[in-house]
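Dumped data-v9.cif below, it's mmCIF, C-alpha atoms and all ligand atoms:
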data_structure
#
loop_
_atom_site.label_atom_id
_atom_site.label_comp_id
_atom_site.auth_asym_id
_atom_site.auth_seq_id
_atom_site.Cartn_x
_atom_site.Cartn_y
_atom_site.Cartn_z
CA MET A 687 4.85 -18.15 5.62
CA THR A 688 8.49 -17.93 4.69
CA THR A 689 11.24 -18.75 7.14
CA SER A 690 13.59 -15.93 6.10
CA SER A 691 14.64 -13.37 8.69
CA ARG A 692 14.08 -10.49 6.27
CA LEU A 693 12.12 -7.66 7.84
CA GLY A 694 10.12 -4.68 6.65
CA VAL A 695 9.24 -1.66 8.77
CA TYR A 696 5.96 0.20 8.18
CA ILE A 697 5.56 3.66 9.75
CA HIS A 698 2.07 5.19 9.71
CA TRP A 699 1.91 9.00 9.65
CA PRO A 700 -1.80 9.73 10.02
CA TYR A 701 -2.12 13.46 9.31
CA CYS A 702 -3.47 14.93 6.06
CA ALA A 703 -3.97 18.54 4.94
CA ARG A 704 -7.48 17.59 3.84
CA ILE A 705 -9.45 14.36 4.19
CA CYS A 706 -10.35 13.02 0.73
CA PRO A 707 -13.98 11.90 0.31
CA TYR A 708 -13.09 8.36 -0.86
CA CYS A 709 -10.44 7.55 1.76
CA ASP A 710 -10.97 5.15 4.68
CA PHE A 711 -7.37 4.94 5.87
CA ASN A 712 -6.60 5.87 9.50
CA VAL A 713 -6.32 9.62 8.88
CA PHE A 714 -6.67 12.82 10.91
CA LYS A 715 -6.72 16.47 9.93
CA GLN A 716 -3.20 17.90 10.28
CA ARG A 717 -2.52 19.45 13.70
CA ARG A 718 -0.46 22.45 14.66
CA GLY A 719 1.29 22.37 18.02
CA ASP A 720 3.22 19.64 19.78
CA GLU A 721 1.31 16.51 18.82
CA PRO A 722 3.18 15.67 15.56
CA ALA A 723 6.62 16.11 17.21
CA ALA A 724 5.53 13.90 20.12
CA LEU A 725 4.31 11.31 17.63
CA ALA A 726 7.64 11.28 15.77
CA ALA A 727 9.50 10.72 19.06
CA ALA A 728 7.06 7.96 20.08
CA ILE A 729 7.60 6.19 16.73
CA VAL A 730 11.36 6.06 17.38
CA ALA A 731 10.76 4.69 20.91
CA ASP A 732 8.33 2.09 19.51
CA LEU A 733 10.94 0.93 16.96
CA GLU A 734 13.47 0.53 19.77
CA ALA A 735 11.03 -1.55 21.84
CA GLN A 736 10.01 -3.79 18.93
CA ALA A 737 13.66 -4.40 17.94
CA VAL A 738 14.10 -6.08 21.32
CA LEU A 739 11.22 -8.41 20.39
CA THR A 740 12.38 -9.27 16.86
CA GLY A 741 16.09 -9.65 17.63
CA PRO A 742 18.61 -9.22 14.79
CA ARG A 743 17.07 -9.23 11.31
CA GLU A 744 18.04 -8.09 7.85
CA LEU A 745 16.17 -4.85 7.12
CA ALA A 746 14.85 -5.05 3.55
CA SER A 747 12.47 -2.09 3.51
CA ILE A 748 11.27 0.98 5.39
CA PHE A 749 7.94 2.45 4.28
CA LEU A 750 6.67 5.81 5.54
CA GLY A 751 2.98 5.68 4.64
CA GLY A 752 -0.18 7.39 5.66
CA GLY A 753 -1.94 9.62 5.80
CA THR A 754 0.51 12.04 4.34
CA PRO A 755 4.07 11.50 5.59
CA SER A 756 5.36 14.13 3.13
CA LEU A 757 3.83 16.68 5.55
CA MET A 758 6.23 15.57 8.29
CA ASP A 759 9.35 17.56 9.10
CA PRO A 760 12.15 15.88 7.04
CA ALA A 761 14.30 15.95 10.20
CA TRP A 762 11.81 13.58 11.88
CA ALA A 763 11.89 11.28 8.86
CA ALA A 764 15.70 11.31 9.14
CA ASP A 765 15.49 10.33 12.84
CA ILE A 766 13.04 7.50 12.13
CA ILE A 767 15.06 6.12 9.20
CA ALA A 768 18.33 6.36 11.18
CA ALA A 769 16.74 4.51 14.11
CA ALA A 770 15.54 1.63 11.90
CA ARG A 771 18.97 1.38 10.23
CA ARG A 772 20.66 1.32 13.64
CA LEU A 773 18.29 -1.26 15.18
CA TRP A 774 18.41 -3.86 12.36
CA SER A 775 21.01 -4.75 9.68
CA PRO A 776 20.22 -2.76 6.52
CA ALA A 777 20.31 -4.84 3.32
CA ALA A 778 22.69 -3.53 0.65
CA ASP A 779 19.63 -2.65 -1.46
CA LEU A 780 17.49 -1.31 1.42
CA GLU A 781 14.35 0.32 -0.01
CA VAL A 782 13.14 3.45 1.81
CA THR A 783 9.78 4.68 0.49
CA LEU A 784 7.88 7.86 1.35
CA GLU A 785 4.27 8.47 0.31
CA ALA A 786 3.74 12.04 -0.85
CA ASN A 787 0.92 14.24 -2.05
CA PRO A 788 1.84 16.33 -5.09
CA THR A 789 1.48 19.89 -3.79
CA ASP A 790 4.15 22.54 -4.45
CA ALA A 791 4.86 22.87 -0.73
CA GLU A 792 5.64 19.18 -0.41
CA ALA A 793 7.63 19.02 -3.67
CA ALA A 794 9.84 21.84 -2.35
CA ARG A 795 10.98 19.46 0.41
CA PHE A 796 11.70 16.38 -1.72
CA GLU A 797 15.47 17.10 -1.68
CA ALA A 798 15.38 17.21 2.12
CA PHE A 799 13.57 13.85 2.26
CA ALA A 800 16.14 12.36 -0.13
CA ALA A 801 18.91 13.65 2.17
CA ALA A 802 17.06 12.00 5.08
CA GLY A 803 17.54 8.63 3.38
CA VAL A 804 14.39 8.20 1.28
CA ASN A 805 15.31 6.51 -2.03
CA ARG A 806 11.83 5.80 -3.43
CA LEU A 807 8.88 8.18 -3.66
CA SER A 808 5.30 7.00 -4.04
CA LEU A 809 3.43 10.03 -5.37
CA GLY A 810 -0.36 10.26 -5.09
CA LEU A 811 -1.03 11.84 -8.47
CA GLN A 812 -4.52 10.22 -8.65
CA ALA A 813 -5.50 11.91 -11.95
CA LEU A 814 -4.16 14.23 -14.65
CA ASP A 815 -7.49 15.91 -15.24
CA ASP A 816 -8.60 18.98 -13.27
CA ALA A 817 -12.30 18.07 -13.17
CA ALA A 818 -11.44 14.57 -11.90
CA LEU A 819 -9.12 16.00 -9.23
CA ARG A 820 -11.90 18.33 -8.06
CA PHE A 821 -14.32 15.40 -7.95
CA LEU A 822 -11.79 13.44 -5.86
CA GLY A 823 -11.54 16.38 -3.46
CA ARG A 824 -7.81 16.80 -4.01
CA ASN A 825 -5.90 19.93 -3.00
CA HIS A 826 -3.83 20.06 -6.21
CA ASP A 827 -4.55 20.47 -9.92
CA ALA A 828 -3.05 18.52 -12.82
CA ALA A 829 -0.31 21.09 -13.54
CA THR A 830 0.83 20.97 -9.90
CA GLY A 831 0.85 17.17 -10.06
CA LEU A 832 3.05 17.25 -13.17
CA ARG A 833 5.47 19.69 -11.50
CA ALA A 834 5.67 17.46 -8.42
CA ALA A 835 6.31 14.36 -10.56
CA GLY A 836 9.17 16.19 -12.29
CA ALA A 837 10.67 17.30 -8.98
CA ALA A 838 10.32 13.76 -7.62
CA ALA A 839 12.05 12.21 -10.65
CA ARG A 840 14.97 14.61 -10.10
CA ALA A 841 15.22 14.07 -6.33
CA PHE A 842 14.77 10.28 -5.99
CA PRO A 843 16.32 7.32 -7.81
CA ARG A 844 12.97 5.48 -7.79
CA LEU A 845 9.48 6.86 -8.43
CA SER A 846 6.03 5.28 -8.29
CA LEU A 847 2.75 7.01 -9.22
CA ASP A 848 -0.72 6.24 -7.78
CA LEU A 849 -3.76 6.85 -9.97
CA ILE A 850 -7.47 6.35 -9.31
CA TYR A 851 -9.69 5.26 -12.19
CA ALA A 852 -13.23 3.90 -12.67
CA ARG A 853 -14.47 7.37 -11.82
CA PRO A 854 -18.15 8.08 -12.60
CA GLY A 855 -18.71 8.51 -16.33
CA GLN A 856 -15.06 7.88 -17.20
CA ALA A 857 -14.70 6.85 -20.86
CA THR A 858 -12.23 4.04 -21.58
CA ALA A 859 -10.45 5.97 -24.37
CA ALA A 860 -10.00 9.07 -22.18
CA TRP A 861 -8.62 6.92 -19.34
CA ALA A 862 -6.20 5.17 -21.71
CA ASP A 863 -4.91 8.62 -22.82
CA GLU A 864 -4.55 9.79 -19.22
CA LEU A 865 -2.67 6.61 -18.33
CA ARG A 866 -0.32 7.04 -21.32
CA ALA A 867 0.37 10.62 -20.16
CA ALA A 868 1.24 9.28 -16.69
CA ILE A 869 3.53 6.64 -18.24
CA GLY A 870 5.30 9.49 -20.07
CA LEU A 871 6.37 10.98 -16.73
CA GLY A 872 9.13 8.38 -16.49
CA ALA A 873 8.19 6.55 -13.26
CA GLU A 874 9.50 2.99 -12.93
CA HIS A 875 6.31 1.85 -11.15
CA LEU A 876 2.60 2.62 -11.49
CA SER A 877 -0.30 1.74 -9.19
CA PRO A 878 -3.65 2.41 -10.89
CA TYR A 879 -6.41 1.67 -8.36
CA GLN A 880 -10.08 1.27 -9.22
CA LEU A 881 -12.13 3.76 -7.20
CA THR A 882 -13.64 1.81 -4.31
CA ILE A 883 -16.62 3.23 -2.44
CA GLU A 884 -15.60 2.47 1.15
CA ALA A 885 -18.24 2.23 3.87
CA GLY A 886 -18.50 5.34 6.05
CA THR A 887 -16.74 7.73 3.64
CA ALA A 888 -18.24 10.91 2.16
CA PHE A 889 -18.43 9.11 -1.22
CA ASP A 890 -20.39 6.29 0.39
CA ARG A 891 -22.95 8.82 1.64
CA ALA A 892 -23.05 10.55 -1.76
CA VAL A 893 -23.68 7.27 -3.61
CA ARG A 894 -26.47 6.38 -1.15
CA ARG A 895 -28.05 9.80 -1.74
CA GLY A 896 -27.84 9.20 -5.50
CA THR A 897 -25.42 12.13 -6.08
CA PHE A 898 -23.35 9.91 -8.38
CA ALA A 899 -23.04 6.26 -9.34
CA PRO A 900 -19.74 4.39 -9.78
CA PRO A 901 -19.28 2.52 -13.09
CA ASP A 902 -21.20 -0.77 -13.34
CA PRO A 903 -19.22 -4.06 -13.27
CA ASP A 904 -19.02 -4.31 -17.08
CA ALA A 905 -17.68 -0.76 -17.46
CA SER A 906 -15.21 -1.39 -14.60
CA ALA A 907 -14.00 -4.61 -16.22
CA GLU A 908 -13.49 -2.75 -19.53
CA LEU A 909 -11.46 -0.05 -17.73
CA PHE A 910 -9.41 -2.74 -15.95
CA ASP A 911 -8.69 -4.51 -19.25
CA ALA A 912 -7.67 -1.21 -20.89
CA THR A 913 -5.35 -0.51 -17.93
CA GLN A 914 -3.62 -3.86 -18.34
CA ALA A 915 -3.33 -3.47 -22.13
CA VAL A 916 -1.90 0.09 -22.06
CA LEU A 917 0.64 -0.76 -19.37
CA GLU A 918 1.68 -4.02 -21.01
CA ALA A 919 2.17 -2.25 -24.36
CA ALA A 920 4.41 0.26 -22.55
CA GLY A 921 6.54 -2.58 -21.14
CA PHE A 922 5.17 -2.66 -17.60
CA GLU A 923 4.70 -6.05 -15.93
CA ALA A 924 1.49 -6.49 -13.86
CA TYR A 925 3.17 -8.31 -10.97
CA GLU A 926 0.13 -7.67 -8.74
CA VAL A 927 -3.53 -6.79 -9.42
CA SER A 928 -2.94 -3.01 -9.21
CA ASN A 929 0.85 -2.78 -9.34
CA HIS A 930 2.94 -2.56 -12.49
CA ALA A 931 6.72 -2.34 -12.75
CA ARG A 932 9.00 -1.46 -15.66
CA THR A 933 11.59 -4.06 -14.51
CA ALA A 934 11.84 -6.73 -11.82
CA ALA A 935 14.07 -4.37 -9.78
CA ALA A 936 11.32 -1.73 -9.90
CA ARG A 937 8.79 -3.88 -8.01
CA SER A 938 7.86 -2.59 -4.58
CA ARG A 939 10.02 -4.66 -2.23
CA HIS A 940 7.91 -3.45 0.66
CA ASN A 941 4.60 -4.63 -0.75
CA LEU A 942 6.24 -7.92 -1.73
CA ILE A 943 7.08 -8.39 1.96
CA TYR A 944 3.32 -8.27 2.68
CA TRP A 945 2.30 -10.38 -0.30
CA GLN A 946 4.99 -13.05 0.21
CA GLY A 947 4.25 -13.43 3.92
CA ASP A 948 7.51 -12.03 5.33
CA ASP A 949 7.64 -10.25 8.69
CA TYR A 950 7.10 -6.53 9.19
CA VAL A 951 7.12 -4.26 12.20
CA GLY A 952 4.23 -1.77 12.22
CA VAL A 953 4.60 1.51 14.12
CA GLY A 954 2.49 4.66 14.30
CA PRO A 955 -1.25 5.05 14.97
CA GLY A 956 -3.36 2.17 13.66
CA ALA A 957 -0.36 0.34 12.15
CA HIS A 958 -0.55 -3.42 11.67
CA GLY A 959 2.51 -5.67 12.07
CA ARG A 960 3.25 -9.36 11.47
CA LEU A 961 6.08 -10.93 13.43
CA THR A 962 7.17 -14.55 13.62
CA LEU A 963 8.41 -14.95 17.20
CA ALA A 964 9.61 -18.35 18.47
CA GLY A 965 8.06 -19.90 15.34
CA VAL A 966 4.59 -18.41 15.92
CA ARG A 967 3.15 -15.80 13.53
CA GLN A 968 1.79 -12.88 15.57
CA ALA A 969 -0.40 -9.95 14.55
CA THR A 970 0.20 -6.56 16.17
CA LEU A 971 -2.18 -3.60 15.99
CA ALA A 972 -1.52 -0.10 17.32
CA ALA A 973 -4.10 2.25 18.85
CA ALA A 974 -5.71 4.32 16.08
CA ARG A 975 -5.70 7.79 17.68
CA PRO A 976 -2.34 9.58 17.80
CA ALA A 977 -2.76 10.63 21.46
CA ASP A 978 -3.63 7.06 22.51
CA TYR A 979 -0.67 5.68 20.57
CA VAL A 980 1.76 8.17 22.17
CA ALA A 981 0.35 7.34 25.62
CA ARG A 982 0.71 3.60 24.97
CA VAL A 983 4.38 4.00 23.98
CA ALA A 984 5.00 6.07 27.14
CA GLU A 985 3.38 3.35 29.30
CA THR A 986 4.66 0.13 27.79
CA GLY A 987 7.52 0.92 25.39
CA ALA A 988 6.01 -0.70 22.30
CA GLY A 989 3.04 1.09 20.70
CA PHE A 990 0.84 -1.85 19.78
CA ALA A 991 -2.39 -2.15 21.74
CA SER A 992 -2.68 -5.86 20.91
CA ARG A 993 -0.35 -8.73 19.98
CA GLU A 994 -2.16 -11.97 19.17
CA PRO A 995 -0.89 -15.26 17.75
CA LEU A 996 -2.53 -16.24 14.45
CA ASP A 997 -3.67 -19.86 14.34
CA ALA A 998 -2.50 -22.00 11.42
CA ARG A 999 -5.78 -21.51 9.53
CA GLU A 1000 -5.77 -17.70 9.91
CA ALA A 1001 -2.12 -17.52 8.81
CA ALA A 1002 -2.88 -19.73 5.77
CA GLN A 1003 -5.92 -17.61 4.88
CA GLU A 1004 -3.75 -14.48 4.88
CA ARG A 1005 -1.21 -16.20 2.68
CA LEU A 1006 -3.93 -17.24 0.25
CA LEU A 1007 -5.47 -13.74 0.03
CA SER A 1008 -2.19 -12.01 -0.69
CA GLY A 1009 -0.60 -14.84 -2.71
CA LEU A 1010 -3.41 -14.84 -5.26
CA ARG A 1011 -2.83 -11.12 -5.89
CA ILE A 1012 0.71 -11.60 -7.21
CA THR A 1013 1.85 -13.34 -10.37
CA GLY A 1014 4.09 -15.69 -8.36
CA GLY A 1015 1.12 -17.03 -6.37
CA VAL A 1016 1.50 -18.97 -3.12
CA ALA A 1017 3.06 -22.40 -2.46
CA LEU A 1018 0.45 -25.09 -1.76
CA ALA A 1019 2.51 -26.07 1.29
CA GLU A 1020 1.92 -22.60 2.78
CA VAL A 1021 -1.87 -22.99 2.64
CA ALA A 1022 -2.01 -26.66 3.69
CA ALA A 1023 -3.94 -25.72 6.86
CA LEU A 1024 -6.92 -24.76 4.68
CA GLY A 1025 -7.26 -28.40 3.50
CA ILE A 1026 -8.33 -27.34 -0.01
CA PRO A 1027 -9.66 -30.46 -1.86
CA PRO A 1028 -7.58 -31.21 -5.00
CA ALA A 1029 -10.86 -31.51 -6.96
CA GLN A 1030 -11.67 -27.88 -6.09
CA ILE A 1031 -8.32 -26.76 -7.47
CA ALA A 1032 -8.81 -28.87 -10.62
CA HIS A 1033 -12.25 -27.28 -11.10
CA LEU A 1034 -10.80 -23.73 -10.92
CA VAL A 1035 -7.97 -24.73 -13.27
CA ALA A 1036 -10.55 -26.07 -15.75
CA LEU A 1037 -12.43 -22.74 -15.53
CA GLY A 1038 -9.19 -20.94 -16.42
CA LEU A 1039 -9.04 -19.05 -13.10
CA LEU A 1040 -6.01 -20.88 -11.69
CA ALA A 1041 -2.82 -21.86 -13.54
CA ASP A 1042 -2.12 -25.59 -13.86
CA ASP A 1043 0.79 -25.81 -11.37
CA PRO A 1044 1.31 -28.78 -9.03
CA GLU A 1045 3.38 -26.74 -6.53
CA ARG A 1046 1.64 -23.38 -6.32
CA LEU A 1047 -1.76 -21.69 -6.41
CA ARG A 1048 -1.42 -19.00 -9.06
CA ALA A 1049 -4.32 -16.92 -10.35
CA THR A 1050 -4.46 -16.47 -14.13
CA PRO A 1051 -5.16 -12.94 -15.44
CA ALA A 1052 -8.85 -13.96 -15.65
CA GLY A 1053 -8.67 -15.23 -12.06
CA ARG A 1054 -7.14 -11.99 -10.81
CA LEU A 1055 -10.23 -10.19 -12.15
CA LEU A 1056 -12.40 -12.49 -9.99
CA LEU A 1057 -10.27 -12.59 -6.85
CA ASP A 1058 -13.24 -12.43 -4.48
CA ARG A 1059 -14.79 -15.50 -6.06
CA LEU A 1060 -11.46 -17.37 -6.12
CA THR A 1061 -10.68 -16.73 -2.47
CA ARG A 1062 -14.26 -17.57 -1.45
CA GLU A 1063 -14.12 -20.90 -3.24
CA LEU A 1064 -10.65 -21.80 -1.96
CA ALA A 1065 -10.97 -20.67 1.64
CA ALA A 1066 -14.58 -21.85 2.18
C1 LIG A 1101 -2.78 5.73 1.84
S1 LIG A 1101 -3.10 6.56 0.38
C2 LIG A 1101 -1.77 7.72 0.69
C3 LIG A 1101 -1.30 8.55 -0.40
C4 LIG A 1101 -1.29 10.04 -0.20
N1 LIG A 1101 -1.77 10.49 1.04
C5 LIG A 1101 -2.16 10.63 -1.28
O1 LIG A 1101 -3.34 10.81 -1.03
O2 LIG A 1101 -1.64 10.92 -2.34
C6 LIG A 1101 -2.50 5.43 -0.84
C7 LIG A 1101 -3.26 5.37 -2.14
O3 LIG A 1101 -4.43 4.62 -2.01
C8 LIG A 1101 -5.30 4.97 -3.06
N2 LIG A 1101 -6.66 4.99 -2.51
C9 LIG A 1101 -7.04 5.39 -1.28
N3 LIG A 1101 -8.38 5.24 -1.13
C10 LIG A 1101 -8.85 4.72 -2.30
C11 LIG A 1101 -10.15 4.35 -2.76
N4 LIG A 1101 -11.24 4.46 -2.00
N5 LIG A 1101 -10.26 3.84 -4.03
C12 LIG A 1101 -9.17 3.71 -4.79
N6 LIG A 1101 -7.93 4.06 -4.40
C13 LIG A 1101 -7.76 4.56 -3.18
C14 LIG A 1101 -4.86 6.30 -3.60
O4 LIG A 1101 -4.40 6.15 -4.93
C15 LIG A 1101 -3.72 6.68 -2.68
O5 LIG A 1101 -2.69 7.34 -3.36
S1 LIG A 1102 -6.05 9.83 0.03
FE1 LIG A 1102 -4.16 10.49 0.96
S2 LIG A 1102 -4.43 12.70 1.39
FE2 LIG A 1102 -6.44 11.88 0.98
S3 LIG A 1102 -7.23 11.42 3.04
FE3 LIG A 1102 -6.35 9.50 2.21
S4 LIG A 1102 -4.26 9.47 2.95
FE4 LIG A 1102 -5.03 11.59 3.22
#
For this file, write the structure as structure tokens.
Amino acid sequence: MTTSSRLGVYIHWPYCARICPYCDFNVFKQRRGDEPAALAAAIVADLEAQAVLTGPRELASIFLGGGTPSLMDPAWAADIIAAARRLWSPAADLEVTLEANPTDAEAARFEAFAAAGVNRLSLGLQALDDAALRFLGRNHDAATGLRAAGAAARAFPRLSLDLIYARPGQATAAWADELRAAIGLGAEHLSPYQLTIEAGTAFDRAVRRGTFAPPDPDASAELFDATQAVLEAAGFEAYEVSNHARTAAARSRHNLIYWQGDDYVGVGPGAHGRLTLAGVRQATLAAARPADYVARVAETGAGFASREPLDAREAAQERLLSGLRITGGVALAEVAALGIPPAQIAHLVALGLLADDPERLRATPAGRLLLDRLTRELAA
């Protein structure tokens, strides 16, 4: 782990207008009534309580994720952002990201979110094809997505687009065209994710019933390779497995906080946090249900239901998992607790899965395709 005092703040807003059939995030159908306002107030109180724990830190990033935080009242987002800025010392280049779904109703409020202090929008476009959007159970069509992307580019200095590929039957050439169309929307950052069938989701049940089959490993690998090639040709750097940036400044500072092992406060239902307190890396986890989270904040101040120290091996394992995802890799010194035999590293270098670097473990592009195998062999 790094020793810097830089801090990220993650805020989980769990409500969604509709629950997508592939999604296993901590999400709840949007509520009317008082619960969302009570949650926003509890999040501010939680930030105040956790600032007492962390002490003064430089605030590098605020990330409002979900769920669908673009459904929240922009005035609540303004309160939450103002609280974080007041409680820690904002860096000159503080990144404030909001995740948004591309419906017209949400796009109409982008200006208000920008006025609340959001300077980076992460838009869940997912696809630019109506049939694919229907398959994914989305509540917007491609034309609405394009309108929202345009509104986002006008309202925010920084824009990132999420896409989901490796959909059943997806042809590589059609995906490459769709990706080029997304690149044409002018975002500085793109996150194309391979569709993952998560246990317990509606898609998991559909695949078990035989309703559809995801692409086989060869077809998925071909789609992954096409993704890398199209984005590289357009000048995007693959600085992480599924994250591509037009310039170094366009990388997600927030995700780099996770991947580089820096500290982050996690608030909101189900949020994870990682805090180094008195030299010990600690993992926090908040209650998943909004009502339980609000009750916890009312009782104890901070919203986390657990705060546990990570032992040296667990902390090193985390560093390995995230470090291998990014091009910069992870310093060998940070994973010393795993006691990886040098011969094991030499073997993976010889296979072309790790770069030949005496200081750091860095996955090669081929290694990043086989991350599960790499981490299994290194953290055995
Ligand atoms: C936490 S979601 C929030 C984004 C926002 N609510 C939306 O749906 O547009 C972040 C991103 O994860 C991706 N994602 C979620 N579940 C996925 C899955 N099972 N397979 C691939 N990508 C997934 C989607 O691209 C999504 O935009
Ligand atoms: S993908 Fe986004 S909108 Fe859909 S359920 Fe997950 S968080 Fe909600």
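Shortest separation to Arg772 (chain A) among A:Arg795, A:Val927, A:Thr962, A:Glu744 occurs at residue A:Glu744, atoms counted being only C-alpha atoms.
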Discussion item. Between CA of Thr754 (chain A) and CA of Leu784 (chain A), what distance in Å does the model show, to one decimal?
Written reply: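 Separation of CA of Thr754 (chain A) and CA of Leu784 (chain A): 9.0 Å.
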Response to the item:
Lys715 (chain A) proximity check over A:Trp699, A:Trp945, A:Tyr925, A:Phe889, using all atoms listed in the file: winner is A:Trp699
Discussion item. Taking all atoms listed in the file into account, name the residue in A:Asp848, A:Glu918, A:Asp720, A:Asp1042 that is nearest to ligand LIG 1102 (chain A).
Written reply: A:Asp848
Discussion item. Which polymer residues, whether protein, DNA or RNA, lie within 10 Å of the coordinate (-11.2, 4.4, -7.1) when you count all atoms listed in the file? List them as an NGL selection string, using the chain letters and numbers from the file.
Written reply: :A and (708-709 or 812 or 822 or 849-854 or 878-884 or 900)
Worksheet entry | Among listed residues A:Gln1003, A:Gln856, A:Ser938, A:Ser775, nearest Ser691 (chain A) (using all atoms listed in the file) |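 Smallest separation from Ser691 (chain A) among the options: A:Ser775.
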Practice prompt. For CA of Val916 (chain A) and CA of Asp815 (chain A), quote the distance in Å rounded to one decimal.
Written response: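 So the two atoms, CA of Val916 (chain A) and CA of Asp815 (chain A), lie 18.1 Å apart.
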Practice prompt. Using all atoms listed in the file, collect all residues at a distance of at most 9 Å from (20.2, -4.6, 21.2) as written in the file, then present them as a ChimeraX atom specification.
Written response: /A:734,737-738,741-742,773
Please find the residues contacting ligand LIG 1102 (chain A) at a distance of at most 10 Å between atoms, with only C-alpha atoms and all ligand atoms counted, and report them as a PDB file with C-alpha atoms, in the coordinates of the input.
ATOM      1  CA  TRP A 699       1.910   9.000   9.650  1.00  0.00           C
ATOM      2  CA  PRO A 700      -1.800   9.730  10.020  1.00  0.00           C
ATOM      3  CA  TYR A 701      -2.120  13.460   9.310  1.00  0.00           C
ATOM      4  CA  CYS A 702      -3.470  14.930   6.060  1.00  0.00           C
ATOM      5  CA  ALA A 703      -3.970  18.540   4.940  1.00  0.00           C
ATOM      6  CA  ARG A 704      -7.480  17.590   3.840  1.00  0.00           C
ATOM      7  CA  ILE A 705      -9.450  14.360   4.190  1.00  0.00           C
ATOM      8  CA  CYS A 706     -10.350  13.020   0.730  1.00  0.00           C
ATOM      9  CA  PRO A 707     -13.980  11.900   0.310  1.00  0.00           C
ATOM     10  CA  TYR A 708     -13.090   8.360  -0.860  1.00  0.00           C
ATOM     11  CA  CYS A 709     -10.440   7.550   1.760  1.00  0.00           C
ATOM     12  CA  ASP A 710     -10.970   5.150   4.680  1.00  0.00           C
ATOM     13  CA  PHE A 711      -7.370   4.940   5.870  1.00  0.00           C
ATOM     14  CA  ASN A 712      -6.600   5.870   9.500  1.00  0.00           C
ATOM     15  CA  VAL A 713      -6.320   9.620   8.880  1.00  0.00           C
ATOM     16  CA  PHE A 714      -6.670  12.820  10.910  1.00  0.00           C
ATOM     17  CA  LYS A 715      -6.720  16.470   9.930  1.00  0.00           C
ATOM     18  CA  GLN A 716      -3.200  17.900  10.280  1.00  0.00           C
ATOM     19  CA  GLY A 751       2.980   5.680   4.640  1.00  0.00           C
ATOM     20  CA  GLY A 752      -0.180   7.390   5.660  1.00  0.00           C
ATOM     21  CA  GLY A 753      -1.940   9.620   5.800  1.00  0.00           C
ATOM     22  CA  THR A 754       0.510  12.040   4.340  1.00  0.00           C
ATOM     23  CA  PRO A 755       4.070  11.500   5.590  1.00  0.00           C
ATOM     24  CA  GLU A 785       4.270   8.470   0.310  1.00  0.00           C
ATOM     25  CA  ALA A 786       3.740  12.040  -0.850  1.00  0.00           C
ATOM     26  CA  ASN A 787       0.920  14.240  -2.050  1.00  0.00           C
ATOM     27  CA  PRO A 788       1.840  16.330  -5.090  1.00  0.00           C
ATOM     28  CA  LEU A 809       3.430  10.030  -5.370  1.00  0.00           C
ATOM     29  CA  GLY A 810      -0.360  10.260  -5.090  1.00  0.00           C
ATOM     30  CA  GLN A 812      -4.520  10.220  -8.650  1.00  0.00           C
ATOM     31  CA  LEU A 822     -11.790  13.440  -5.860  1.00  0.00           C
ATOM     32  CA  GLY A 823     -11.540  16.380  -3.460  1.00  0.00           C
ATOM     33  CA  ARG A 824      -7.810  16.800  -4.010  1.00  0.00           C
ATOM     34  CA  ASN A 825      -5.900  19.930  -3.000  1.00  0.00           C
TER      35      ASN A 825
END
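Minimum atom-to-atom distances from A:Ala1032, A:Ala735, A:Ala860, A:Leu1010 to Leu1056 (chain A) were compared using all atoms listed in the file, and the lowest value belongs to A:Leu1010.
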Practice prompt. Compile the contact shell of Trp762 (chain A) as a PyMOL selection string: residues with an atom at most 8 Å away, counting all atoms listed in the file, same-chain residues fewer than 3 positions apart removed.
Written response: chain A and resi 723+726+758-759+765-766
For the residues in the current selection, export C-alpha atoms as a JSON list (two decimals), in the coordinates of the input.
[["chain", "number", "residue", "atom", "x", "y", "z"],
["A", 723, "ALA", "CA", 6.62, 16.11, 17.21],
["A", 726, "ALA", "CA", 7.64, 11.28, 15.77],
["A", 758, "MET", "CA", 6.23, 15.57, 8.29],
["A", 759, "ASP", "CA", 9.35, 17.56, 9.10],
["A", 765, "ASP", "CA", 15.49, 10.33, 12.84],
["A", 766, "ILE", "CA", 13.04, 7.50, 12.13]]
